[in-house]
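Visitor: Input: one structure, supplied below.
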Amino acid sequence: MGVYSKPVLFAVLSAAVILVGTVVTVFIPMLMPSTQPVSDYVKPYTAVELEGRDLYIREGCNNCHTQTVRPLRTEVLRYGEYSKPEEFAYDRPFLWGSRRTGPDLNRVGGKYPDSWHYKHMQSPQGMFEKSNMPPYGWLAEARLDTRYTRKKISILGYGYSPDEVSAQIEAYKAKVTDAAYESKQSRDEVTPEELRGELTEMDAIIAYMQKLGRDVKNLEAER
Amino acid sequence: MKESPYEYQVVRGFTFSALFWLIVGLIVGLWIAFEMFYPALNLTPWLSFGRLRVVHTNGLGLGFGLAGIFACSYYILQKLTRTPLVFPRLARAHLYLFNAIIVMAALTLMAGMNTTKEYAELEWPLDIAVVVMWVMFAVNVFATLIKRREKQLYVSLWYIIAMTVTIAVLYIVNNLEVPVNLFKSYSLYAGVNDANVEWWYGHNIVGFIFTIPILAMFYYFLPVSTGLPLFSHRLSIISFWSLIFAYLWTGAHHLMLSPVPEWIQTVAIAFSIFLIAPSWGSVVNGYYTLQGNWEQIRSNYLVKFFILGITFYGLQTFQGPTQGLRTLNSFFHFTDWVVGHVHMGTMGWVTLTISASFYYMIPKISNNQLHSIRIANVHFWLILVGQLIWTVTMWIGGIQQGAMWKATEPDGSLTYNFLDALASLYPYYKLRFAGGVVYFVGIVLFVWNIIMTIRTAKNQPLNANKEV
């Protein structure tokens, strides 16, 4: 009964035993490039999309929405093409989720116009009486904080220069504040007057929504 | 009366902490259960479901669960080594740091600072504090084990050692992240790897917090509270090593049909099925310990907590592997079925076992009788019935939801839109809330019973940590 009277040896043995499965199923796959393939058609998030993604994280949207369409007939019918590994190469952290209180969002990009999202975020129950999604109108009342965007992009290694990051932010701001923006009316309805000329958190999270699955849809369209 | 040489103040401190976070976590749980069918309750950003859900899981898993584990581990450790804690002041610092972390965890999560990785949502400064806290615990455990007077290490100590070692590996690997600022970081891993690491962690943190140390309690408190020796020492050895070996392979059963490489999923399924054996090894060991003495389930109020607890553990460890099978998983995954599964483990197995352990331990360290066995019995029936209403409701709801997602018309089109399936669940959500209320009342009685036991204790110096 040697090991049962030697606590340190026992701890070392336990560590060795738990590391076998860990090494085989977690560490080795991490060293294999095929686990997380990178593909040209999948583009990294732009500055505003990334900020939107961080808001999705802040609000814990992943607690109710998944972002993996499984290769099942009814799932593909409901959401679209099933999820491929290369789509997630820029996702840190991954946001697949574990529970579908709300629908999967991995193919939501381009499914609805921005105006739909402004209205829906403001009042899910206004659009679907029986929805249980919390309203997120207050996102339109907060100016988007872009102080850390450059640093974030550089940590994530998306390859945009600081100038490109600024240009992306300015370009998106110009788009949504333009008088000709196709969702101007809905945006104005949810955005307080003093913020209509600024980028809000709502703008960013909608930019992120529209990015989800877009690369896959573009690829399908090309074919 | 002779003063006890053991450090019990920290045991009592962790017991109180566990009870406090249990109440807080359950109130948050009831709140979010109500939000599920009454979204107007999402009153402010701080109270919105997306932020509060993690306060519930962290508050109960880390706040209640861990505090209960630390309380019982410090007690079991000293008893089984017949040695007082080597560093009692370090243990008390551990207690304060623990509670500070849980308070900060609740506040930062409500403020939206989270990494989204399930059961590892805390941002990096708190991750570091958590690691420091575990090191403080580990130092005391190993110092006391090395200094021990009882040569042989009993089963419960194996489980405590395995927990300490494994949590360190899991927690550090999964929480490696690059800080942006004090409140925000990005995972070191991307996409598929991040998912694979997270569910290796997520599955095993449940294993090494909600299984391994709870088994340590079960293996210690069942024999001492019944006066019956453990049925088979050999079976406990086989169960232990095969359990901790197989557990680590199974994380990917949470990622079935996802973009994670198929072979990892298949290996996870195989090991999940294998895990039934060592899990049931402990169940069998528990049942057979009572062999010939089953009348104790009537005469000894603690036995029914332990036996029902280990029964739910047995059901849990059978249900888990079956729902990991690809075919069944494609139906059940992402539905409320899984939510029911988790809560059978936590509200059934974990809470029943910790409750009984406290009921045994607190009178012992307070030199007192339990305040009321009658209240303990009412507590038992309320949390049993509450949990059953809760979980059975979610299983039925989950089956309905899964069926509605998959239903198709003869022409191949979908029968229901997503909202139809959601709206059909509201009656279940209301019933689940009702089950939660019944459960909560039982827990309030439990807390009351423990507090009264300590308050009415004869004036006894509880922390007598001088040498005898």
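Chain labels run A, B, ... following the order of the structure tokens; each chain numbers its residues from 1, and ligands are numbered from 1 in the order shown.
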Residues of chain B within 7 Å of chain A, counting only C-alpha atoms, what are they? List them as a ChimeraX atom specification.

Guide: /B:36-39,42,48,50-51,112-114,116,145-146,151-153,161-162,165-166,180,186-187,189-197,244-245,248-249,257-259,261,264,334-335,406,418-419,423

Visitor: How about saving the chosen residues, C-alpha atoms kept, as a PDB file, in the first residue's frame?

Guide:
ATOM      1  CA  MET B  36     -37.457  33.444 -18.615  1.00  0.00           C
ATOM      2  CA  PHE B  37     -41.217  33.891 -18.861  1.00  0.00           C
ATOM      3  CA  TYR B  38     -41.548  37.537 -17.788  1.00  0.00           C
ATOM      4  CA  PRO B  39     -38.880  39.532 -19.651  1.00  0.00           C
ATOM      5  CA  ASN B  42     -34.868  42.714 -17.019  1.00  0.00           C
ATOM      6  CA  SER B  48     -30.486  41.540 -17.402  1.00  0.00           C
ATOM      7  CA  GLY B  50     -27.270  37.621 -19.871  1.00  0.00           C
ATOM      8  CA  ARG B  51     -25.326  39.105 -16.977  1.00  0.00           C
ATOM      9  CA  GLY B 112     -20.522  42.910 -17.675  1.00  0.00           C
ATOM     10  CA  MET B 113     -16.854  42.053 -17.190  1.00  0.00           C
ATOM     11  CA  ASN B 114     -16.675  38.464 -18.295  1.00  0.00           C
ATOM     12  CA  THR B 116     -17.862  34.163 -21.643  1.00  0.00           C
ATOM     13  CA  LEU B 145      -0.715  15.534   5.112  1.00  0.00           C
ATOM     14  CA  ILE B 146       3.049  15.484   5.455  1.00  0.00           C
ATOM     15  CA  LYS B 151      -0.110   6.732   8.455  1.00  0.00           C
ATOM     16  CA  GLN B 152      -2.698   5.427   5.999  1.00  0.00           C
ATOM     17  CA  LEU B 153      -4.502   7.873   3.681  1.00  0.00           C
ATOM     18  CA  ILE B 161      -5.563  15.514  -3.289  1.00  0.00           C
ATOM     19  CA  ALA B 162      -6.838  14.759  -6.805  1.00  0.00           C
ATOM     20  CA  VAL B 165      -3.952  18.934  -8.316  1.00  0.00           C
ATOM     21  CA  THR B 166      -6.467  18.797 -11.155  1.00  0.00           C
ATOM     22  CA  VAL B 180      -6.253  44.537 -22.890  1.00  0.00           C
ATOM     23  CA  TYR B 186      -8.736  37.889 -24.884  1.00  0.00           C
ATOM     24  CA  SER B 187      -8.333  34.131 -24.696  1.00  0.00           C
ATOM     25  CA  TYR B 189      -6.661  30.250 -27.968  1.00  0.00           C
ATOM     26  CA  ALA B 190      -8.734  30.846 -31.064  1.00  0.00           C
ATOM     27  CA  GLY B 191     -11.970  29.282 -32.286  1.00  0.00           C
ATOM     28  CA  VAL B 192     -11.996  25.490 -32.307  1.00  0.00           C
ATOM     29  CA  ASN B 193      -9.052  25.222 -29.910  1.00  0.00           C
ATOM     30  CA  ASP B 194     -10.648  27.675 -27.531  1.00  0.00           C
ATOM     31  CA  ALA B 195     -13.839  25.617 -27.592  1.00  0.00           C
ATOM     32  CA  ASN B 196     -11.943  22.372 -27.061  1.00  0.00           C
ATOM     33  CA  VAL B 197      -9.951  23.775 -24.125  1.00  0.00           C
ATOM     34  CA  ILE B 244      -9.797  10.384 -12.595  1.00  0.00           C
ATOM     35  CA  PHE B 245      -8.188   8.758 -15.635  1.00  0.00           C
ATOM     36  CA  LEU B 248     -10.270  14.127 -18.730  1.00  0.00           C
ATOM     37  CA  TRP B 249     -11.039  12.547 -22.122  1.00  0.00           C
ATOM     38  CA  LEU B 257     -21.598  17.795 -34.084  1.00  0.00           C
ATOM     39  CA  SER B 258     -19.659  21.041 -33.752  1.00  0.00           C
ATOM     40  CA  PRO B 259     -16.616  21.989 -35.877  1.00  0.00           C
ATOM     41  CA  PRO B 261     -12.495  17.339 -35.076  1.00  0.00           C
ATOM     42  CA  ILE B 264     -12.065  14.047 -30.493  1.00  0.00           C
ATOM     43  CA  PHE B 334     -29.120  23.142 -26.682  1.00  0.00           C
ATOM     44  CA  THR B 335     -32.531  22.304 -25.138  1.00  0.00           C
ATOM     45  CA  LYS B 406     -36.975  18.810 -35.680  1.00  0.00           C
ATOM     46  CA  PHE B 418     -38.350  29.135 -33.493  1.00  0.00           C
ATOM     47  CA  LEU B 419     -40.765  31.296 -31.559  1.00  0.00           C
ATOM     48  CA  ALA B 423     -43.655  30.077 -26.531  1.00  0.00           C
TER      49      ALA B 423
END

Visitor: Near range 103-107 of chain B, within 8 Å and counting only C-alpha atoms, which residues show up once chain neighbours fewer than 2 positions away are dropped, as JSON, numbers by chain?

Guide: {"B": [55, 58, 59, 99, 100, 101, 109, 110, 111, 122, 126]}

Visitor: I need the chosen residues saved as a CSV table (one decimal), in the first residue's frame, with C-alpha atoms.

Guide:
chain,number,residue,atom,x,y,z
B,55,VAL,CA,-23.8,35.4,-11.3
B,58,ASN,CA,-20.7,31.3,-10.2
B,59,GLY,CA,-22.5,32.3,-7.0
B,99,ASN,CA,-15.3,35.7,0.2
B,100,ALA,CA,-13.6,38.8,-1.2
B,101,ILE,CA,-13.3,37.0,-4.5
B,109,LEU,CA,-20.1,39.9,-13.6
B,110,MET,CA,-23.1,42.2,-13.1
B,111,ALA,CA,-21.0,45.0,-14.5
B,122,LEU,CA,-14.1,35.9,-14.3
B,126,LEU,CA,-9.8,37.7,-10.4

Visitor: Taking 4 positions as the minimum chain separation for residues in the same chain, which residues sit within 12 Å of Thr200 in chain A when counting only C-alpha atoms? Answer as a compact mmCIF listing (two decimals) with N, CA and C atoms, in the first residue's frame.

Guide:
# COMPACT_ATOMS: atom_id res chain seq x y z
N VAL A 48 -15.14 48.04 -35.90
CA VAL A 48 -16.47 48.24 -35.30
C VAL A 48 -17.12 46.88 -35.02
N GLU A 51 -15.67 45.61 -31.82
CA GLU A 51 -16.25 46.27 -30.64
C GLU A 51 -17.66 45.74 -30.39
N GLY A 52 -18.38 45.48 -31.45
CA GLY A 52 -19.72 44.90 -31.31
C GLY A 52 -19.66 43.52 -30.68
N LEU A 55 -19.21 43.75 -27.08
CA LEU A 55 -20.46 44.09 -26.39
C LEU A 55 -21.35 42.85 -26.25
N TYR A 118 -32.34 47.39 -35.28
CA TYR A 118 -32.57 48.53 -34.38
C TYR A 118 -33.89 48.37 -33.65
N GLY A 137 -32.52 48.53 -25.58
CA GLY A 137 -32.59 49.90 -26.07
C GLY A 137 -31.48 50.79 -25.52
N TRP A 138 -31.05 50.52 -24.31
CA TRP A 138 -30.04 51.37 -23.67
C TRP A 138 -28.70 51.31 -24.36
N LEU A 139 -28.48 50.32 -25.23
CA LEU A 139 -27.22 50.30 -25.98
C LEU A 139 -27.13 51.50 -26.92
N ALA A 140 -28.28 51.99 -27.35
CA ALA A 140 -28.29 53.15 -28.26
C ALA A 140 -28.05 54.45 -27.50
N GLU A 141 -28.08 54.37 -26.18
CA GLU A 141 -27.89 55.58 -25.37
C GLU A 141 -26.45 55.72 -24.91
N ALA A 142 -25.58 54.82 -25.35
CA ALA A 142 -24.17 54.88 -24.94
C ALA A 142 -23.29 55.07 -26.17
N ARG A 143 -22.42 56.05 -26.08
CA ARG A 143 -21.46 56.28 -27.17
C ARG A 143 -20.48 55.09 -27.18
N LEU A 144 -20.10 54.63 -28.35
CA LEU A 144 -19.16 53.50 -28.44
C LEU A 144 -17.78 53.94 -27.99
N ASP A 145 -17.21 53.18 -27.07
CA ASP A 145 -15.89 53.49 -26.54
C ASP A 145 -14.84 52.84 -27.44
N THR A 146 -14.06 53.67 -28.14
CA THR A 146 -13.07 53.10 -29.07
C THR A 146 -11.63 53.36 -28.59
N ILE A 169 -13.35 52.84 -38.36
CA ILE A 169 -14.32 53.42 -37.43
C ILE A 169 -15.01 54.62 -38.09
N TYR A 172 -17.48 53.54 -40.81
CA TYR A 172 -18.76 53.01 -40.33
C TYR A 172 -19.63 54.13 -39.77
N LYS A 173 -18.95 55.07 -39.08
CA LYS A 173 -19.69 56.20 -38.53
C LYS A 173 -20.33 57.00 -39.66
N VAL A 176 -23.51 55.10 -40.98
CA VAL A 176 -24.77 55.10 -40.22
C VAL A 176 -25.29 56.50 -39.92
N THR A 177 -24.41 57.52 -40.02
CA THR A 177 -24.90 58.88 -39.75
C THR A 177 -25.30 59.59 -41.03
N ARG A 187 -32.94 53.89 -36.95
CA ARG A 187 -31.83 54.28 -36.09
C ARG A 187 -32.18 55.54 -35.31
N ASP A 188 -32.75 56.50 -36.00
CA ASP A 188 -33.13 57.76 -35.33
C ASP A 188 -34.18 57.52 -34.25
N VAL A 190 -34.46 55.00 -32.26
CA VAL A 190 -33.93 54.41 -31.02
C VAL A 190 -32.77 55.23 -30.45
N THR A 191 -32.16 56.10 -31.24
CA THR A 191 -30.96 56.81 -30.79
C THR A 191 -31.33 58.20 -30.28
N PRO A 192 -30.90 58.58 -29.08
CA PRO A 192 -31.18 59.94 -28.59
C PRO A 192 -30.57 60.98 -29.53
N GLU A 193 -31.19 62.11 -29.62
CA GLU A 193 -30.81 63.12 -30.60
C GLU A 193 -29.33 63.47 -30.55
N GLU A 194 -28.80 63.63 -29.33
CA GLU A 194 -27.41 64.08 -29.21
C GLU A 194 -26.41 63.03 -29.67
N LEU A 195 -26.85 61.77 -29.83
CA LEU A 195 -25.93 60.72 -30.25
C LEU A 195 -26.12 60.32 -31.71
N ARG A 196 -27.03 60.96 -32.39
CA ARG A 196 -27.32 60.53 -33.76
C ARG A 196 -26.14 60.76 -34.71
N ALA A 204 -22.61 49.31 -33.09
CA ALA A 204 -21.53 48.33 -33.16
C ALA A 204 -22.06 46.91 -33.06
N ILE A 205 -23.01 46.68 -32.17
CA ILE A 205 -23.49 45.29 -32.01
C ILE A 205 -24.25 44.86 -33.26
N ILE A 206 -24.89 45.81 -33.94
CA ILE A 206 -25.59 45.47 -35.19
C ILE A 206 -24.56 45.20 -36.30
N ALA A 207 -23.47 45.96 -36.30
CA ALA A 207 -22.41 45.67 -37.27
C ALA A 207 -21.91 44.24 -37.08

Visitor: If you run DSSP on this backbone, which residues of range 141-203 of chain B come out as strand (DSSP E or B), and could you give them as a PDB file with C-alpha atoms, in the first residue's frame?

Guide:
ATOM      1  CA  GLU B 177      -5.507  35.143 -21.672  1.00  0.00           C
ATOM      2  CA  VAL B 178      -3.935  38.346 -22.944  1.00  0.00           C
ATOM      3  CA  PRO B 179      -5.063  41.443 -21.010  1.00  0.00           C
ATOM      4  CA  VAL B 180      -6.253  44.537 -22.890  1.00  0.00           C
ATOM      5  CA  ASN B 181      -6.739  46.472 -19.666  1.00  0.00           C
ATOM      6  CA  LYS B 184     -10.827  42.994 -20.410  1.00  0.00           C
ATOM      7  CA  SER B 185      -8.753  40.215 -21.894  1.00  0.00           C
ATOM      8  CA  TYR B 186      -8.736  37.889 -24.884  1.00  0.00           C
ATOM      9  CA  SER B 187      -8.333  34.131 -24.696  1.00  0.00           C
TER      10      SER B 187
END

Visitor: As an exercise, work out the distance from CA of Leu302 in chain B to CA of Ile365 in chain B in Å and give it to one decimal place.

Guide: 16.9 Å

Visitor: Report the distance between CA of Val447 in chain B and CA of Leu19 in chain B in Å, rounded to one decimal place.

Guide: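 Pair CA of Val447 in chain B / CA of Leu19 in chain B returns 6.2 Å.
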
Visitor: For each of B:Leu41, B:Val139, B:Leu290, B:Val173, take the minimum atom-to-atom distance to Leu222 in chain B, counting only C-alpha atoms, then give the residue where this is smallest.

Guide: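 That would be B:Leu290, the residue with the smallest distance to Leu222 in chain B.
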
Visitor: For the structure I just gave you, how does DSSP split range 38-123 of chain A - specifically, which residues are alpha helix (DSSP H)? Reply as a PyMOL selection string.

Guide: chain A and resi 47-58+73-79+114-122

Visitor: Residues near range 60-68 of chain B, anyone? I mean within 8 Å using only C-alpha atoms, not counting same-chain ones fewer than 6 positions away, as a short mmCIF file (atom, residue, chain, number, x, y, z; two decimals) with C-alpha atoms, in the first residue's frame.

Guide:
data_model
loop_
_atom_site.label_atom_id
_atom_site.label_comp_id
_atom_site.auth_asym_id
_atom_site.auth_seq_id
_atom_site.Cartn_x
_atom_site.Cartn_y
_atom_site.Cartn_z
CA PHE B 14 -16.58 28.35 5.37
CA THR B 15 -19.85 26.77 6.47
CA SER B 17 -19.98 31.42 3.73
CA ALA B 18 -21.50 28.45 1.93
CA LEU B 19 -24.91 29.08 3.47
CA PHE B 20 -24.77 32.79 2.67
CA TRP B 21 -23.83 32.27 -0.98
CA LEU B 22 -26.37 29.49 -1.25
CA GLY B 25 -27.29 32.26 -5.52
CA LEU B 26 -30.78 30.80 -5.20
CA ASN B 99 -15.26 35.72 0.23
CA ILE B 102 -16.92 35.93 -4.59
CA ILE B 209 -15.76 20.29 -7.95
CA PHE B 210 -19.19 18.68 -8.12
CA VAL B 350 -24.33 17.99 -4.41
CA ILE B 354 -23.29 18.90 1.53
#

Visitor: For Ser161 in chain A, find every residue with an atom within 12 Å (counting only C-alpha atoms), except residues of its own chain fewer than 3 positions away, and show them as a ChimeraX atom specification.

Guide: /A:46-47,149-155,157-158,164-168

Visitor: Distance CA of Pro33 in chain A-CA of Trp200 in chain B, one decimal place?

Guide: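 Those two atoms sit 19.0 Å apart.
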
Visitor: Between B:Ala129, B:Val339, B:Ala434, B:Val441, which one has atoms that come closest to Gly398 in chain B, using only C-alpha atoms?

Guide: B:Val339
